[in-house]
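Structure file query.tsv with TSV, C-alpha atoms:
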chain	number	residue	atom	x	y	z
A	1	MET	CA	0.00	0.00	0.00
A	2	LYS	CA	2.78	2.37	0.95
A	3	SER	CA	4.74	1.51	-2.19
A	4	THR	CA	1.66	2.14	-4.33
A	5	LEU	CA	1.12	5.52	-2.69
A	6	PHE	CA	4.80	6.42	-3.14
A	7	ALA	CA	4.65	5.46	-6.83
A	8	ALA	CA	1.57	7.60	-7.32
A	9	LEU	CA	3.19	10.58	-5.61
A	10	PHE	CA	6.32	10.13	-7.73
A	11	VAL	CA	4.31	10.18	-10.96
A	12	LEU	CA	2.42	13.27	-9.77
A	13	SER	CA	5.61	15.15	-8.90
A	14	ALA	CA	7.26	14.18	-12.19
A	15	THR	CA	4.37	15.60	-14.18
A	16	SER	CA	3.59	18.64	-12.03
A	17	ALA	CA	5.92	20.83	-14.10
A	18	PHE	CA	3.68	20.35	-17.15
A	19	ALA	CA	0.42	22.06	-17.91
A	20	ILE	CA	-2.49	20.02	-19.23
A	21	ASP	CA	-1.79	21.21	-22.78
A	22	GLY	CA	1.82	20.02	-22.65
A	23	GLN	CA	3.41	23.37	-21.89
A	24	ILE	CA	6.20	23.31	-19.33
A	25	LEU	CA	5.30	25.40	-16.29
A	26	ILE	CA	7.80	27.80	-14.74
A	27	ASN	CA	7.47	29.41	-11.31
A	28	GLN	CA	9.74	30.40	-8.46
A	29	ALA	CA	9.63	26.93	-6.94
A	30	THR	CA	10.46	25.07	-10.17
A	31	VAL	CA	13.31	27.48	-10.86
A	32	MET	CA	14.84	26.93	-7.43
A	33	ALA	CA	14.33	23.17	-7.72
A	34	ALA	CA	16.23	23.25	-11.03
A	35	GLY	CA	19.22	25.01	-9.44
A	36	GLY	CA	18.16	28.65	-9.34
A	37	PHE	CA	18.52	31.50	-11.79
A	38	PRO	CA	18.87	31.62	-14.65
A	39	PHE	CA	16.26	28.98	-15.46
A	40	LYS	CA	17.74	27.20	-18.48
A	41	ILE	CA	15.68	26.32	-21.52
A	42	ASP	CA	17.65	23.92	-23.73
A	43	GLN	CA	14.80	22.17	-25.50
A	44	SER	CA	12.53	23.70	-28.11
A	45	GLY	CA	8.90	23.89	-27.12
A	46	SER	CA	6.29	25.84	-25.21
A	47	TYR	CA	6.79	27.21	-21.70
A	48	LYS	CA	4.36	29.03	-19.45
A	49	LEU	CA	4.76	30.95	-16.21
A	50	SER	CA	2.46	29.78	-13.42
A	51	GLY	CA	3.62	32.49	-11.03
A	52	ASN	CA	5.83	35.57	-10.85
A	53	LEU	CA	9.61	35.17	-11.04
A	54	VAL	CA	11.68	37.36	-8.71
A	55	VAL	CA	15.26	37.40	-9.96
A	56	PRO	CA	18.23	38.28	-7.68
A	57	ASP	CA	20.29	41.38	-8.50
A	58	GLY	CA	22.82	40.69	-11.24
A	59	SER	CA	21.24	37.43	-12.40
A	60	ASN	CA	19.41	36.42	-15.54
A	61	GLY	CA	15.87	35.14	-15.27
A	62	ILE	CA	15.57	32.63	-18.13
A	63	ALA	CA	18.41	31.51	-20.40
A	64	VAL	CA	17.38	30.08	-23.78
A	65	SER	CA	19.95	28.16	-25.80
A	66	VAL	CA	17.78	26.64	-28.56
A	67	ALA	CA	15.62	27.94	-31.37
A	68	ASN	CA	11.83	27.73	-31.62
A	69	VAL	CA	10.78	28.46	-28.06
A	70	THR	CA	7.56	30.11	-26.91
A	71	ILE	CA	7.45	31.68	-23.45
A	72	ASP	CA	3.95	32.62	-22.35
A	73	LEU	CA	4.19	34.86	-19.29
A	74	ASN	CA	0.53	34.04	-18.72
A	75	GLY	CA	-0.18	37.43	-17.14
A	76	PHE	CA	2.67	37.08	-14.64
A	77	SER	CA	5.99	38.94	-14.43
A	78	ILE	CA	9.74	38.41	-14.49
A	79	GLN	CA	11.11	41.11	-12.24
A	80	THR	CA	14.23	42.23	-10.44
A	81	VAL	CA	15.63	45.16	-8.53
A	82	THR	CA	19.04	45.50	-10.10
A	83	THR	CA	22.12	47.70	-10.08
A	84	SER	CA	23.67	45.73	-12.95
A	85	ILE	CA	23.41	45.63	-16.74
A	86	THR	CA	20.87	42.84	-16.86
A	87	SER	CA	18.12	41.90	-19.32
A	88	GLY	CA	14.72	40.27	-19.42
A	89	ILE	CA	15.30	38.28	-22.64
A	90	THR	CA	18.68	38.32	-24.32
A	91	ALA	CA	21.21	36.43	-26.41
A	92	VAL	CA	24.28	36.80	-24.26
A	93	PRO	CA	26.15	33.59	-23.49
A	94	ASN	CA	27.89	33.50	-20.11
A	95	HIS	CA	26.96	37.05	-19.20
A	96	ASN	CA	24.61	38.47	-16.60
A	97	ALA	CA	22.28	40.08	-19.04
A	98	GLY	CA	18.67	39.37	-18.61
A	99	GLY	CA	15.37	38.26	-17.32
A	100	VAL	CA	15.52	35.91	-20.29
A	101	THR	CA	18.90	35.42	-21.95
A	102	VAL	CA	19.67	33.61	-25.16
A	103	ALA	CA	22.97	31.98	-26.07
A	104	ASN	CA	24.28	31.13	-29.54
A	105	ASP	CA	22.34	31.83	-32.75
A	106	VAL	CA	18.79	31.41	-31.50
A	107	SER	CA	15.84	32.23	-33.74
A	108	GLY	CA	12.11	31.78	-33.60
A	109	ILE	CA	11.63	32.99	-30.02
A	110	THR	CA	8.17	34.18	-28.94
A	111	ILE	CA	7.58	36.06	-25.67
A	112	ARG	CA	4.05	37.16	-24.87
A	113	ASN	CA	1.38	38.12	-22.40
A	114	GLY	CA	3.01	39.58	-19.31
A	115	THR	CA	5.49	41.96	-17.71
A	116	ILE	CA	9.29	42.12	-17.60
A	117	LYS	CA	10.36	44.68	-15.04
A	118	GLY	CA	13.50	46.17	-13.55
A	119	PHE	CA	16.16	45.01	-16.03
A	120	PHE	CA	18.53	47.16	-18.09
A	121	PHE	CA	17.39	45.25	-21.19
A	122	ALA	CA	13.92	43.77	-20.92
A	123	VAL	CA	14.38	41.82	-24.15
A	124	ASN	CA	17.81	41.57	-25.72
A	125	PRO	CA	18.98	38.87	-28.14
A	126	SER	CA	22.39	40.45	-28.77
A	127	PRO	CA	25.61	40.54	-26.72
A	128	LEU	CA	25.63	43.79	-24.72
A	129	GLY	CA	23.08	45.29	-27.07
A	130	GLN	CA	25.29	45.18	-30.14
A	131	SER	CA	23.85	45.05	-33.65
A	132	SER	CA	25.00	41.43	-34.05
A	133	ALA	CA	21.35	40.71	-33.23
A	134	VAL	CA	20.84	40.51	-37.00
A	135	ALA	CA	21.66	36.82	-36.57
A	136	TYR	CA	18.68	36.33	-34.29
A	137	SER	CA	15.69	36.23	-36.58
A	138	GLY	CA	12.03	35.58	-36.12
A	139	TRP	CA	11.51	37.01	-32.65
A	140	THR	CA	7.92	37.83	-31.69
A	141	LEU	CA	7.11	40.15	-28.79
A	142	GLN	CA	3.40	40.45	-28.17
A	143	ASP	CA	1.14	41.83	-25.45
A	144	LEU	CA	4.03	42.78	-23.18
A	145	GLN	CA	4.73	45.50	-20.66
A	146	LEU	CA	8.46	46.18	-20.46
A	147	ILE	CA	9.54	48.42	-17.58
A	148	PRO	CA	13.21	49.45	-17.20
A	149	GLY	CA	15.12	49.38	-13.97
A	150	PHE	CA	18.83	50.25	-13.97
A	151	GLY	CA	18.64	52.46	-17.05
A	152	GLY	CA	17.16	51.27	-20.32
A	153	GLY	CA	19.33	50.08	-23.18
A	154	THR	CA	18.80	50.02	-26.95
A	155	THR	CA	17.55	46.59	-28.00
A	156	TYR	CA	18.63	45.22	-31.39
A	157	LEU	CA	16.37	42.65	-33.02
A	158	GLY	CA	16.99	40.66	-36.21
A	159	THR	CA	14.99	40.08	-39.38
A	160	SER	CA	11.36	38.97	-39.29
A	161	THR	CA	10.82	40.61	-35.92
A	162	ARG	CA	7.17	41.05	-34.92
A	163	MET	CA	6.40	43.53	-32.14
A	164	ILE	CA	2.68	43.75	-31.47
A	165	SER	CA	1.02	45.59	-28.59
A	166	VAL	CA	4.18	46.20	-26.60
A	167	SER	CA	4.41	48.96	-23.98
A	168	ALA	CA	8.09	49.74	-23.49
A	169	LEU	CA	8.51	53.34	-22.36
A	170	GLY	CA	12.11	53.76	-21.23
A	171	PHE	CA	13.47	51.55	-24.02
A	172	ASP	CA	14.25	52.00	-27.70
A	173	PHE	CA	14.54	49.33	-30.37
A	174	VAL	CA	16.30	48.76	-33.69
A	175	VAL	CA	14.75	46.08	-35.91
A	176	THR	CA	16.35	44.58	-39.01
A	177	CYS	CA	14.11	44.72	-42.07
A	178	PRO	CA	11.92	43.05	-43.08
A	179	SER	CA	10.07	43.33	-39.76
A	180	ILE	CA	6.71	44.45	-38.39
A	181	VAL	CA	6.13	46.77	-35.42
A	182	THR	CA	2.61	47.84	-34.59
A	183	LEU	CA	0.58	49.14	-31.62
A	184	THR	CA	3.80	49.64	-29.68
A	185	ILE	CA	4.74	52.41	-27.26
A	186	THR	CA	8.45	53.04	-26.83
A	187	VAL	CA	11.04	55.82	-26.81
A	188	ALA	CA	12.15	55.18	-30.38
A	189	ILE	CA	12.05	52.58	-33.14
A	190	GLY	CA	14.94	52.37	-35.58
A	191	THR	CA	15.44	50.21	-38.63
A	192	SER	CA	18.48	48.45	-40.02
A	193	GLY	CA	18.66	47.37	-43.65
A	194	THR	CA	16.14	48.43	-46.28
A	195	SER	CA	13.65	50.46	-44.25
A	196	SER	CA	10.96	50.26	-46.96
A	197	GLN	CA	10.70	46.55	-46.17
A	198	CYS	CA	9.73	47.29	-42.56
A	199	SER	CA	6.16	48.03	-41.51
A	200	LEU	CA	5.97	50.49	-38.60
A	201	THR	CA	2.32	51.36	-38.00
A	202	ASN	CA	0.16	52.75	-35.22
A	203	ASN	CA	3.07	53.17	-32.82
A	204	ALA	CA	3.65	55.87	-30.24
A	205	THR	CA	7.26	57.00	-29.93
A	206	THR	CA	9.15	60.12	-29.01
A	207	SER	CA	11.26	59.71	-32.15
A	208	THR	CA	11.84	57.38	-35.11
A	209	PHE	CA	15.32	56.99	-36.53
A	210	GLN	CA	17.05	54.97	-39.25

Encoded form (structure tokens):
Amino acid sequence: MKSTLFAALFVLSATSAFAIDGQILINQATVMAAGGFPFKIDQSGSYKLSGNLVVPDGSNGIAVSVANVTIDLNGFSIQTVTTSITSGITAVPNHNAGGVTVANDVSGITIRNGTIKGFFFAVNPSPLGQSSAVAYSGWTLQDLQLIPGFGGGTTYLGTSTRMISVSALGFDFVVTCPSIVTLTITVAIGTSGTSSQCSLTNNATTSTFQ
């Protein structure tokens, strides 16, 4: 009887990190159980927050090292109180740079539906904000509130970027054309490459530069 109960509890604990629809759930407890921040995503797939993440000063929140990953914040937040150059979502290997960091050449990343707060870069696929982000294509940022903390850096995004309904006052962005930015509030939106191939519509910015 005891062995049957133990087996049932083991199966329950092994599957508790997964939502019913197959998404992998992330919360403060699962992060700490996996070794702490940053929470490492090294398998393509769909991930969903099931609670807020509070990231220690100077640490990354989530580190993605593979392409084709969707992170649904599910109305929750990744937040920190930092005095360091950190980021919410970035592509900086072995560097304290984000709430979500990305290593290597990682494309097809979707982040949606929540808040990233208190980082120097909320979303940043490029090392230290450099324009090498052109290698990181196909990023989608949708239904996000991005709130800076220790300053607010320029975020470089690669080709086929889609920014839809993003509130990011305190940040500015440079997207590589062709890309689409719409219904977004930010300090500035710049373009790299052939600007006529970019669609920038219904945005609110203090300036637009190329």

| task | Show which residues sit within 9 Å of Thr30 (chain A), as a list in words. Count all atoms listed in the file, and ignore same-chain residues fewer than 5 positions away. | result |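 Surrounding residues, per the criterion: Ala17, Leu25, Gly35, Gly36 and Phe39 of chain A.
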
| A:Pro38, A:Ser165, A:Gln43, A:Gln79: which is nearest Gly61 (chain A), counting all atoms listed in the file? | A:Pro38

| request: Point out the residue among A:Gly193, A:Ala122, A:Cys198, A:Gly138 with the least atom-to-atom distance to Ala168 (chain A), counting only C-alpha atoms. | output: A:Ala122

| At most 8 Å from (11.5, 33.7, -14.2), file frame, only C-alpha atoms: which residues, as a list of chain:residue names? | A:Ile26, A:Asn27, A:Gln28, A:Val31, A:Phe37, A:Pro38, A:Phe39, A:Leu49, A:Asn52, A:Leu53, A:Val54, A:Val55, A:Gly61, A:Ile62, A:Ser77, A:Ile78, A:Gln79, A:Gly99, A:Val100

Keeping only C-alpha atoms, write the selected residues as a short mmCIF file (atom, residue, chain, number, x, y, z; two decimals), keeping the file's coordinate frame.
data_model
loop_
_atom_site.label_atom_id
_atom_site.label_comp_id
_atom_site.auth_asym_id
_atom_site.auth_seq_id
_atom_site.Cartn_x
_atom_site.Cartn_y
_atom_site.Cartn_z
CA ILE A 26 7.80 27.80 -14.74
CA ASN A 27 7.47 29.41 -11.31
CA GLN A 28 9.74 30.40 -8.46
CA VAL A 31 13.31 27.48 -10.86
CA PHE A 37 18.52 31.50 -11.79
CA PRO A 38 18.87 31.62 -14.65
CA PHE A 39 16.26 28.98 -15.46
CA LEU A 49 4.76 30.95 -16.21
CA ASN A 52 5.83 35.57 -10.85
CA LEU A 53 9.61 35.17 -11.04
CA VAL A 54 11.68 37.36 -8.71
CA VAL A 55 15.26 37.40 -9.96
CA GLY A 61 15.87 35.14 -15.27
CA ILE A 62 15.57 32.63 -18.13
CA SER A 77 5.99 38.94 -14.43
CA ILE A 78 9.74 38.41 -14.49
CA GLN A 79 11.11 41.11 -12.24
CA GLY A 99 15.37 38.26 -17.32
CA VAL A 100 15.52 35.91 -20.29
#

| field | Atom-to-atom span, CA of Val64 (chain A) and CA of Gly149 (chain A), Å | value |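 Interatomic distance here is 21.8 Å.
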
| remark: Nearest to Gly151 (chain A), restricted to only C-alpha atoms and choosing among A:Val174, A:Leu183, A:Leu169, A:Ala33, comes out as A:Leu169

Hey, what's within 9 Å of Asp42 (chain A) if we count only C-alpha atoms and toss same-chain stuff fewer than 6 positions away? As a PDB file with C-alpha atoms, in the coordinates of the input, please?
ATOM      1  CA  ALA A  63      18.410  31.510 -20.400  1.00  0.00           C
ATOM      2  CA  VAL A  64      17.380  30.080 -23.780  1.00  0.00           C
ATOM      3  CA  SER A  65      19.950  28.160 -25.800  1.00  0.00           C
ATOM      4  CA  VAL A  66      17.780  26.640 -28.560  1.00  0.00           C
ATOM      5  CA  ALA A  67      15.620  27.940 -31.370  1.00  0.00           C
TER       6      ALA A  67
END

| field | Selected residue, from A:Val69, A:Met32, A:Ile164, A:Val123, that lies nearest to Lys48 (chain A) when counting all atoms listed in the file | value |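 Between A:Val69, A:Met32, A:Ile164, A:Val123, the residue approaching Lys48 (chain A) most closely is A:Val69.
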
| query | What is the distance between CA of Phe76 (chain A) and CA of Thr155 (chain A), in Å to one decimal? | reply | 22.1 Å

| request: Between A:Phe150, A:Trp139, A:Phe173, A:Tyr47, single out the one closest to Leu200 (chain A), counting only C-alpha atoms. | output: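 Using only C-alpha atoms, Leu200 (chain A) sits closest to A:Phe173.
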
| Å distance separating CA of Thr82 (chain A) from CA of Gly114 (chain A), one decimal place | 19.4 Å

| task | Counting only C-alpha atoms, write as a PyMOL selection string all protein and nucleic acid residues lying at most 10 Å from (7.3, 51.5, -29.5) in the file's frame. | result | chain A and resi 163-173+181-190+200-208

Centre and size of axis-aligned box enclosing region 60-77 of chain A plus 4 Å each side, as AutoDock Vina command-line options:
--center_x 9.9 --center_y 32.8 --center_z -23.0 --size_x 28.1 --size_y 20.3 --size_z 25.2
